[in-house]
Amino acid sequence: MSDIPTAEELIKINHNPPATDWMDTPVNIRKGMYCYASNPKSVAYLGLPNARKWNPLDDDWKLPENWQQILHEGFKERLERFRTFKVYMDICVRCGACADKCHFFIGTGDPKNMPVLRAELLRSVYRNDFTTAGKVLGKIAGARELTLDVLKEWWYYLFQCTECRRCSVFCPYGIDTAEITIMGRELLNLIGLNIDWIATPVANCFRTGNHLGIQPHAFKDMLDFFVEDIEEVTGIDLEVSYQKKGADILFITPSGDVFADPGTYTCMGYMILFDYLKKEYGLDVTWSTYASEGGNFGFFTSHETMKRLNAKMYAEAERLGVKWILGGECGHMWRVVTQYMDTMNGPANFLEEPVSPITGTKFENTKSTKMVHIVEFTADLIKHGKLNLDKSRNDHLNITFHDSCNTARGMGMLDEPRYIINNVCNNFHEMPANTIREQTFCCGSGSGLNAGEDMELRMCGGLPRAHAVKHVHEKYGVNSLACICALDRAVFPDLMDYWVPGVEVTGLHEMVANALVFPGECKRTTDLRGEPLLGMEDEADE
Amino acid sequence: MNVKYMFSLMAVVFLFLFSYLGAEVAGLKVLFGIIIPYVAILIFVAGFVSRMMDWAASAVPFAIPTTCGQQSSLPWIKQNRIDNPSTKTGVIIRMLLEILCFRSLFRNTKMKIHQGQKISYKLEIWLWVSALAFHWAFLVVLVRHLRFFTEPIPGFVKFLEFMDGFFKIEFVDSFMQIGLPGIFMSGLVLLAAVSFLLVRRIMVPQVKYISLAADFFPLFLIIGITVSGIYMRYVSKVDIVGIKELTMGLATLHPTIPEGISSVFFVHLFFVCSLLVYIPFSKLMHMGGIFLSPTRNMLANTRAFRHVNPWNYPVKTHTYEEYEDEFREKMIDAGLPVDKKE
């Protein structure tokens, strides 16, 4: 992160637009603000169009000769297929309510990061191609032709949106920039304009079952490694079950939890919880290496690609003959599961309506998708007193909670995680009201933008979130940012180091596992990370 | 000087001159009093309906409500039934709040960075206040105008007039006799609100930056309508009996042009016709579009009930068999279960 400005410099943001009209201000593709172009091998593996090596900084993007025609036809098709797209192209009144709601506008001051202008990038072409006023009046009607410069502008700014939907909460018509960005990226994919941080994980996921391209034996190795770690810290000896036919529940979590700290501790948290439930109540949970990815970067490519990746969840659940699916802590995975999966790959009639075998609770809200969120599952266990929890084992943590965009605005899971937090730790402070729950700010790296080369963009986009953390860090001494999203866990450490040094990042089930008391367990002196518990500093050293 | 609002202002000035000169100089009163109003109404109705049908013809492949509150999940967790509605009643209330009270706009905040140290997001109600005042005042003015198209005048129109003119201000001098016809608040509120929206659009740098000519034009046009209406009512004292004869003629399909109607009336009427014609082709269709906005009008019960995509098609997936074929040896070596052992 040495080549990006310091935090003191970066926050000097000018939110006043430039003197030149936005249509007359050409795009400047700036280093640090964009992700590398997709690797042709990944694009080809997926059978997506125009696989070739290209560089966004080059003048020539090596587009197919008839790229304008492809985009025009693609645009037309999507207007017919998606009412959102069509209505949202037409009804925006440009009131500007969305402008300062976007973390990228707040963090960069670039007017084209105002949600309304991001959409206008597409609308201007829509007016030119599909409306009478635009055809007749041209620029004065806000219409313009899709030139190569406009295309480059699309690419640059559609990959500066994390599809977080915060603007859609404030829009008087509910115009959802995520929809606009999703359609825009679909169009870009028709002519081979993706970023590698999306294309390669998608190709990996298609082949190996997870974004990181972990092959089955390596996936197992990783979990075996956690088994050893867990035994070392807690003395618990546990076993993990893989693709066990006839198990009660198939568990699917984002692969980020398996490979990247601090998500790995959340993964250990799941394993510890399942082991506890197995030993205490005989719960039979199995993992799959084939469906080893909860996340779905296909969602950031096209609806079709999303469906292709998501199909594995139901397919594997059916093959294994489990009763229902339990999903780990993840953000966009839950947007996909909540609002797309059943429609795309359902109905999952081969599964049962989910019932907790331990509490008997019927998860009525999941009776069609047959997939329960582990936070709902655990909250229910705690409510029924099925977990023996020692809150004081998280006393070394002073927690604040980040609502992930997708679980907040694409699902509405707001109180369940708070219920768990209040039951596993004693120190919990909320960030200011306008930055949490449905008004939560994005981590700034969602929707496939969590690469390394766009670090400046990520630090800009994460500014509002980070500053809300900074507020509670300074006011209450908060030292730990809890979240229920694997991507958050992957990107927040960098963001915190940059804006709010001294705040660590944790998943909810890491805290659950810290607090969970096993019968006859040996005395715990450290948490899962090997950090001493409060008052155990001396003993932990031994 | 901004070309976008100057273009729109000039367009409205042109519409004014066209209608004023047309009625006053050329005497084209049949054109402006009969033909254009009928044509405008036809275009408005046909255009509005066809736009709505056009939108409705687009599929709704996925249920993607924006959830703005707690979901319905475990029985002991209190759901926000309106902002995250899992029932039709909830959706209806959500839509009513959105359409009648501009619920989402009420959330509006203003972001400010204080000396590079703190960022604040304060409630900013003025956009909401002015938008609400504008739309409701417009509706009241519209309903009041039903008195020109009905005989006898319905009770609710009279009641609305009574309420609207409740705060009567008496002000009489040699030039103006304000107070005798009674002041209608709605007209003044409408003018004040639409002026605020215009000033906001010009003065707030970001809003000015995103504005198109199409954003200024309706504001100028509505200001033209309001000003010409206020002028006729409070200043020039037009021949109200003659005007009602004309409007009733339009309403009963027996159009007539009585003598002695001021040209200002034809300007007013032409502005209204221009607005009617403009609506179906412009962003003013948001009045219909809001009803079709999937992030607001859909049920947030997508895990409990399956939404069907009319164009769902099969896709190429990577099956377990293909996966196992590629990794079988490694899986066996690692002790992972496989379907085919050889």
# chains A, B, ... in the order shown; residues from 1 in each chain; ligands from 1
$ residues_around --residues "range 310-314 of chain B" --least-positions-apart "3" --cutoff "10 Å" --atoms "only C-alpha atoms" --output "short mmCIF file (atom, residue, chain, number, x, y, z; two decimals) with all heavy atoms, in the first residue's frame"
data_model
loop_
_atom_site.label_atom_id
_atom_site.label_comp_id
_atom_site.auth_asym_id
_atom_site.auth_seq_id
_atom_site.Cartn_x
_atom_site.Cartn_y
_atom_site.Cartn_z
N ARG A 81 -36.21 -8.07 -20.98
CA ARG A 81 -36.14 -9.13 -19.98
C ARG A 81 -36.22 -8.62 -18.54
O ARG A 81 -36.54 -9.39 -17.64
CB ARG A 81 -34.83 -9.90 -20.14
CG ARG A 81 -34.88 -10.88 -21.26
CD ARG A 81 -33.69 -11.78 -21.21
NE ARG A 81 -33.82 -12.85 -22.17
CZ ARG A 81 -32.87 -13.74 -22.40
NH1 ARG A 81 -31.74 -13.67 -21.74
NH2 ARG A 81 -33.06 -14.70 -23.27
N GLU A 304 -26.59 -15.24 -16.14
CA GLU A 304 -26.38 -16.62 -16.59
C GLU A 304 -25.20 -17.27 -15.85
O GLU A 304 -25.28 -18.40 -15.40
CB GLU A 304 -26.13 -16.63 -18.10
CG GLU A 304 -25.97 -18.04 -18.65
CD GLU A 304 -25.83 -18.07 -20.16
OE1 GLU A 304 -26.69 -17.48 -20.85
OE2 GLU A 304 -24.86 -18.69 -20.65
N LYS A 307 -26.08 -18.19 -12.40
CA LYS A 307 -26.87 -19.42 -12.35
C LYS A 307 -25.99 -20.65 -12.51
O LYS A 307 -26.17 -21.67 -11.83
CB LYS A 307 -27.94 -19.37 -13.45
CG LYS A 307 -28.88 -20.55 -13.43
CD LYS A 307 -29.97 -20.44 -14.50
CE LYS A 307 -30.73 -21.76 -14.54
NZ LYS A 307 -31.78 -21.76 -15.55
N ARG A 308 -25.02 -20.55 -13.41
CA ARG A 308 -24.14 -21.70 -13.67
C ARG A 308 -23.37 -22.09 -12.41
O ARG A 308 -23.17 -23.27 -12.14
CB ARG A 308 -23.15 -21.36 -14.80
CG ARG A 308 -23.81 -21.28 -16.15
CD ARG A 308 -22.86 -20.72 -17.20
NE ARG A 308 -21.80 -21.67 -17.53
CZ ARG A 308 -20.78 -21.38 -18.35
NH1 ARG A 308 -20.69 -20.19 -18.90
NH2 ARG A 308 -19.86 -22.29 -18.61
N THR A 343 -35.46 -19.11 -7.75
CA THR A 343 -36.00 -18.77 -9.07
C THR A 343 -35.16 -19.41 -10.17
O THR A 343 -35.70 -19.99 -11.11
CB THR A 343 -36.01 -17.24 -9.24
OG1 THR A 343 -36.87 -16.67 -8.24
CG2 THR A 343 -36.51 -16.85 -10.61
N MET A 344 -33.84 -19.33 -10.03
CA MET A 344 -32.95 -19.82 -11.10
C MET A 344 -32.87 -21.34 -11.14
O MET A 344 -33.01 -21.96 -12.18
CB MET A 344 -31.52 -19.29 -10.89
CG MET A 344 -31.35 -17.83 -11.10
SD MET A 344 -29.61 -17.34 -10.95
CE MET A 344 -29.14 -17.98 -9.37
N ASN A 345 -32.61 -21.92 -9.95
CA ASN A 345 -32.26 -23.34 -9.94
C ASN A 345 -33.25 -24.20 -9.15
O ASN A 345 -33.04 -25.39 -9.00
CB ASN A 345 -30.84 -23.52 -9.40
CG ASN A 345 -29.80 -23.01 -10.39
OD1 ASN A 345 -29.87 -23.31 -11.58
ND2 ASN A 345 -28.85 -22.22 -9.92
N ALA B 59 -40.42 -8.29 -18.56
CA ALA B 59 -40.55 -9.34 -17.56
C ALA B 59 -39.99 -8.89 -16.21
O ALA B 59 -39.21 -7.95 -16.13
CB ALA B 59 -39.82 -10.58 -18.03
N VAL B 60 -40.44 -9.57 -15.17
CA VAL B 60 -39.84 -9.39 -13.85
C VAL B 60 -39.23 -10.73 -13.45
O VAL B 60 -39.87 -11.55 -12.81
CB VAL B 60 -40.88 -8.94 -12.80
CG1 VAL B 60 -40.22 -8.71 -11.45
CG2 VAL B 60 -41.58 -7.68 -13.26
N PRO B 61 -38.00 -10.98 -13.90
CA PRO B 61 -37.43 -12.31 -13.73
C PRO B 61 -37.10 -12.68 -12.29
O PRO B 61 -37.17 -13.85 -11.92
CB PRO B 61 -36.15 -12.25 -14.57
CG PRO B 61 -35.81 -10.80 -14.66
CD PRO B 61 -37.11 -10.08 -14.64
N PHE B 62 -36.74 -11.70 -11.48
CA PHE B 62 -36.34 -12.00 -10.11
C PHE B 62 -37.06 -11.07 -9.14
O PHE B 62 -37.38 -9.94 -9.48
CB PHE B 62 -34.83 -11.85 -9.95
CG PHE B 62 -34.05 -12.72 -10.88
CD1 PHE B 62 -33.41 -12.20 -11.99
CD2 PHE B 62 -34.00 -14.10 -10.69
CE1 PHE B 62 -32.73 -13.00 -12.88
CE2 PHE B 62 -33.31 -14.92 -11.59
CZ PHE B 62 -32.67 -14.37 -12.68
N HIS B 307 -40.34 -17.34 -6.63
CA HIS B 307 -40.71 -16.44 -7.71
C HIS B 307 -40.33 -17.11 -9.03
O HIS B 307 -39.27 -17.70 -9.15
CB HIS B 307 -39.96 -15.11 -7.55
CG HIS B 307 -40.23 -14.14 -8.66
ND1 HIS B 307 -41.31 -13.29 -8.66
CD2 HIS B 307 -39.57 -13.89 -9.81
CE1 HIS B 307 -41.30 -12.56 -9.76
NE2 HIS B 307 -40.24 -12.90 -10.48
N THR B 317 -23.72 -26.23 -16.84
CA THR B 317 -23.11 -26.25 -15.50
C THR B 317 -21.97 -27.26 -15.50
O THR B 317 -21.76 -27.98 -16.47
CB THR B 317 -24.14 -26.67 -14.44
OG1 THR B 317 -24.62 -27.97 -14.76
CG2 THR B 317 -25.31 -25.69 -14.39
#
$ residues_around --residues "Arg103 in chain B" --least-positions-apart "4" --cutoff "9 Å" --atoms "only C-alpha atoms" --output "PDB file with N, CA and C atoms, in the first residue's frame"
ATOM      1  N   PHE A 170     -32.584   5.289  -0.568  1.00  0.00           N
ATOM      2  CA  PHE A 170     -32.916   6.707  -0.500  1.00  0.00           C
ATOM      3  C   PHE A 170     -33.688   7.199  -1.723  1.00  0.00           C
ATOM      4  N   PRO A 172     -36.483   8.001  -4.204  1.00  0.00           N
ATOM      5  CA  PRO A 172     -37.945   8.021  -4.057  1.00  0.00           C
ATOM      6  C   PRO A 172     -38.660   7.016  -4.964  1.00  0.00           C
TER       7      PRO A 172
ATOM      8  N   ARG B  94     -46.410  -0.072   2.171  1.00  0.00           N
ATOM      9  CA  ARG B  94     -45.118   0.473   1.740  1.00  0.00           C
ATOM     10  C   ARG B  94     -45.292   1.383   0.524  1.00  0.00           C
ATOM     11  N   MET B  95     -46.074   0.904  -0.451  1.00  0.00           N
ATOM     12  CA  MET B  95     -46.292   1.690  -1.669  1.00  0.00           C
ATOM     13  C   MET B  95     -47.076   2.968  -1.367  1.00  0.00           C
ATOM     14  N   LEU B  96     -48.099   2.855  -0.502  1.00  0.00           N
ATOM     15  CA  LEU B  96     -48.881   4.044  -0.162  1.00  0.00           C
ATOM     16  C   LEU B  96     -47.997   5.098   0.513  1.00  0.00           C
ATOM     17  N   LEU B  97     -47.179   4.648   1.443  1.00  0.00           N
ATOM     18  CA  LEU B  97     -46.282   5.587   2.126  1.00  0.00           C
ATOM     19  C   LEU B  97     -45.328   6.232   1.124  1.00  0.00           C
ATOM     20  N   GLU B  98     -44.883   5.426   0.163  1.00  0.00           N
ATOM     21  CA  GLU B  98     -43.953   5.921  -0.840  1.00  0.00           C
ATOM     22  C   GLU B  98     -44.632   6.957  -1.727  1.00  0.00           C
ATOM     23  N   ILE B  99     -45.854   6.641  -2.158  1.00  0.00           N
ATOM     24  CA  ILE B  99     -46.536   7.490  -3.129  1.00  0.00           C
ATOM     25  C   ILE B  99     -47.170   8.713  -2.460  1.00  0.00           C
ATOM     26  N   ARG B 107     -35.944   9.936   4.147  1.00  0.00           N
ATOM     27  CA  ARG B 107     -34.701   9.456   4.763  1.00  0.00           C
ATOM     28  C   ARG B 107     -33.503  10.343   4.432  1.00  0.00           C
ATOM     29  N   TRP B 128     -37.368  16.866   0.691  1.00  0.00           N
ATOM     30  CA  TRP B 128     -38.619  16.149   0.971  1.00  0.00           C
ATOM     31  C   TRP B 128     -39.775  17.134   1.151  1.00  0.00           C
TER      32      TRP B 128
END
$ atom_distance --atom1 "CA of Met298 in chain B" --atom2 "CA of Gly448 in chain A"
27.1 Å
$ closest_residue --among "A:Pro357, A:Gly209, A:Gly74, A:Gly192" --to "chain B" --atoms "only C-alpha atoms"
A:Gly209
$ closest_atom_pairs --of "chain A" --to "chain B" --cutoff "6 Å" --atoms "only C-alpha atoms" --output "JSON lines"
{"residue": "A:Ile11", "atom": "CA", "partner": "B:Gly116", "partner_atom": "CA", "distance": 5.8}
{"residue": "A:Glu80", "atom": "CA", "partner": "B:Ser58", "partner_atom": "CA", "distance": 4.7}
{"residue": "A:Arg81", "atom": "CA", "partner": "B:Ala59", "partner_atom": "CA", "distance": 5.0}
{"residue": "A:Phe82", "atom": "CA", "partner": "B:Ala59", "partner_atom": "CA", "distance": 5.4}
{"residue": "A:Arg83", "atom": "CA", "partner": "B:Ser58", "partner_atom": "CA", "distance": 4.8}
{"residue": "A:Ile91", "atom": "CA", "partner": "B:His286", "partner_atom": "CA", "distance": 4.6}
{"residue": "A:Val93", "atom": "CA", "partner": "B:Lys283", "partner_atom": "CA", "distance": 5.8}
{"residue": "A:Gly96", "atom": "CA", "partner": "B:Val207", "partner_atom": "CA", "distance": 5.7}
{"residue": "A:Phe170", "atom": "CA", "partner": "B:Ser104", "partner_atom": "CA", "distance": 5.1}
{"residue": "A:Pro172", "atom": "CA", "partner": "B:Ser104", "partner_atom": "CA", "distance": 5.1}
{"residue": "A:Tyr173", "atom": "CA", "partner": "B:Ile290", "partner_atom": "CA", "distance": 5.3}
{"residue": "A:Gly174", "atom": "CA", "partner": "B:Thr295", "partner_atom": "CA", "distance": 5.7}
{"residue": "A:His217", "atom": "CA", "partner": "B:Ala334", "partner_atom": "CA", "distance": 5.4}
{"residue": "A:Arg308", "atom": "CA", "partner": "B:Thr317", "partner_atom": "CA", "distance": 5.0}
{"residue": "A:Thr338", "atom": "CA", "partner": "B:Arg303", "partner_atom": "CA", "distance": 5.7}
{"residue": "A:Gln339", "atom": "CA", "partner": "B:Ala63", "partner_atom": "CA", "distance": 5.8}
{"residue": "A:Asp342", "atom": "CA", "partner": "B:Arg306", "partner_atom": "CA", "distance": 6.0}
{"residue": "A:Thr343", "atom": "CA", "partner": "B:His307", "partner_atom": "CA", "distance": 5.4}
{"residue": "A:Asn365", "atom": "CA", "partner": "B:Ala304", "partner_atom": "CA", "distance": 4.8}
{"residue": "A:Thr366", "atom": "CA", "partner": "B:Arg303", "partner_atom": "CA", "distance": 4.6}
{"residue": "A:Lys367", "atom": "CA", "partner": "B:Ala304", "partner_atom": "CA", "distance": 4.8}
{"residue": "A:Ser368", "atom": "CA", "partner": "B:Ala304", "partner_atom": "CA", "distance": 4.6}
{"residue": "A:Thr369", "atom": "CA", "partner": "B:Arg303", "partner_atom": "CA", "distance": 5.1}
{"residue": "A:Arg409", "atom": "CA", "partner": "B:Thr67", "partner_atom": "CA", "distance": 4.6}
{"residue": "A:Gly410", "atom": "CA", "partner": "B:Thr67", "partner_atom": "CA", "distance": 5.6}
{"residue": "A:Met411", "atom": "CA", "partner": "B:Thr67", "partner_atom": "CA", "distance": 6.0}
{"residue": "A:Gly412", "atom": "CA", "partner": "B:Gln71", "partner_atom": "CA", "distance": 4.5}
{"residue": "A:Met413", "atom": "CA", "partner": "B:Gln71", "partner_atom": "CA", "distance": 5.8}
{"residue": "A:Leu414", "atom": "CA", "partner": "B:Gln70", "partner_atom": "CA", "distance": 5.6}
{"residue": "A:Glu438", "atom": "CA", "partner": "B:Cys68", "partner_atom": "CA", "distance": 5.1}
$ atom_distance --atom1 "CA of Met459 in chain A" --atom2 "CA of Val491 in chain A"
9.8 Å
$ closest_residue --among "A:Asp224, A:Glu537, A:Asp229, A:Asp403" --to "Tyr265 in chain A" --atoms "only C-alpha atoms"
A:Asp229
$ select_by_dssp --residues "range 46-257 of chain B" --states "helix (DSSP H, G or I)" --output "number ranges by chain"
B: 46-57, 88-101, 103-106, 126-148, 155-164, 185-203, 205-210, 213-236, 240-251
$ closest_residue --among "A:Pro254, A:Asp261, A:Arg30, A:Trp197" --to "Lys152 in chain A" --atoms "only C-alpha atoms"
A:Arg30
$ closest_residue --among "A:Gly535, A:Gly294, A:Pro347, A:Gly452" --to "Leu326 in chain A" --atoms "only C-alpha atoms"
A:Gly294
$ residues_around --residues "Leu31 in chain B" --least-positions-apart "6" --cutoff "9 Å" --atoms "only C-alpha atoms" --output "ChimeraX atom specification"
/B:22-23,37
$ residues_around --residues "Phe138 in chain B" --least-positions-apart "5" --cutoff "8 Å" --atoms "only C-alpha atoms" --output "number ranges by chain"
B: 186-187, 190
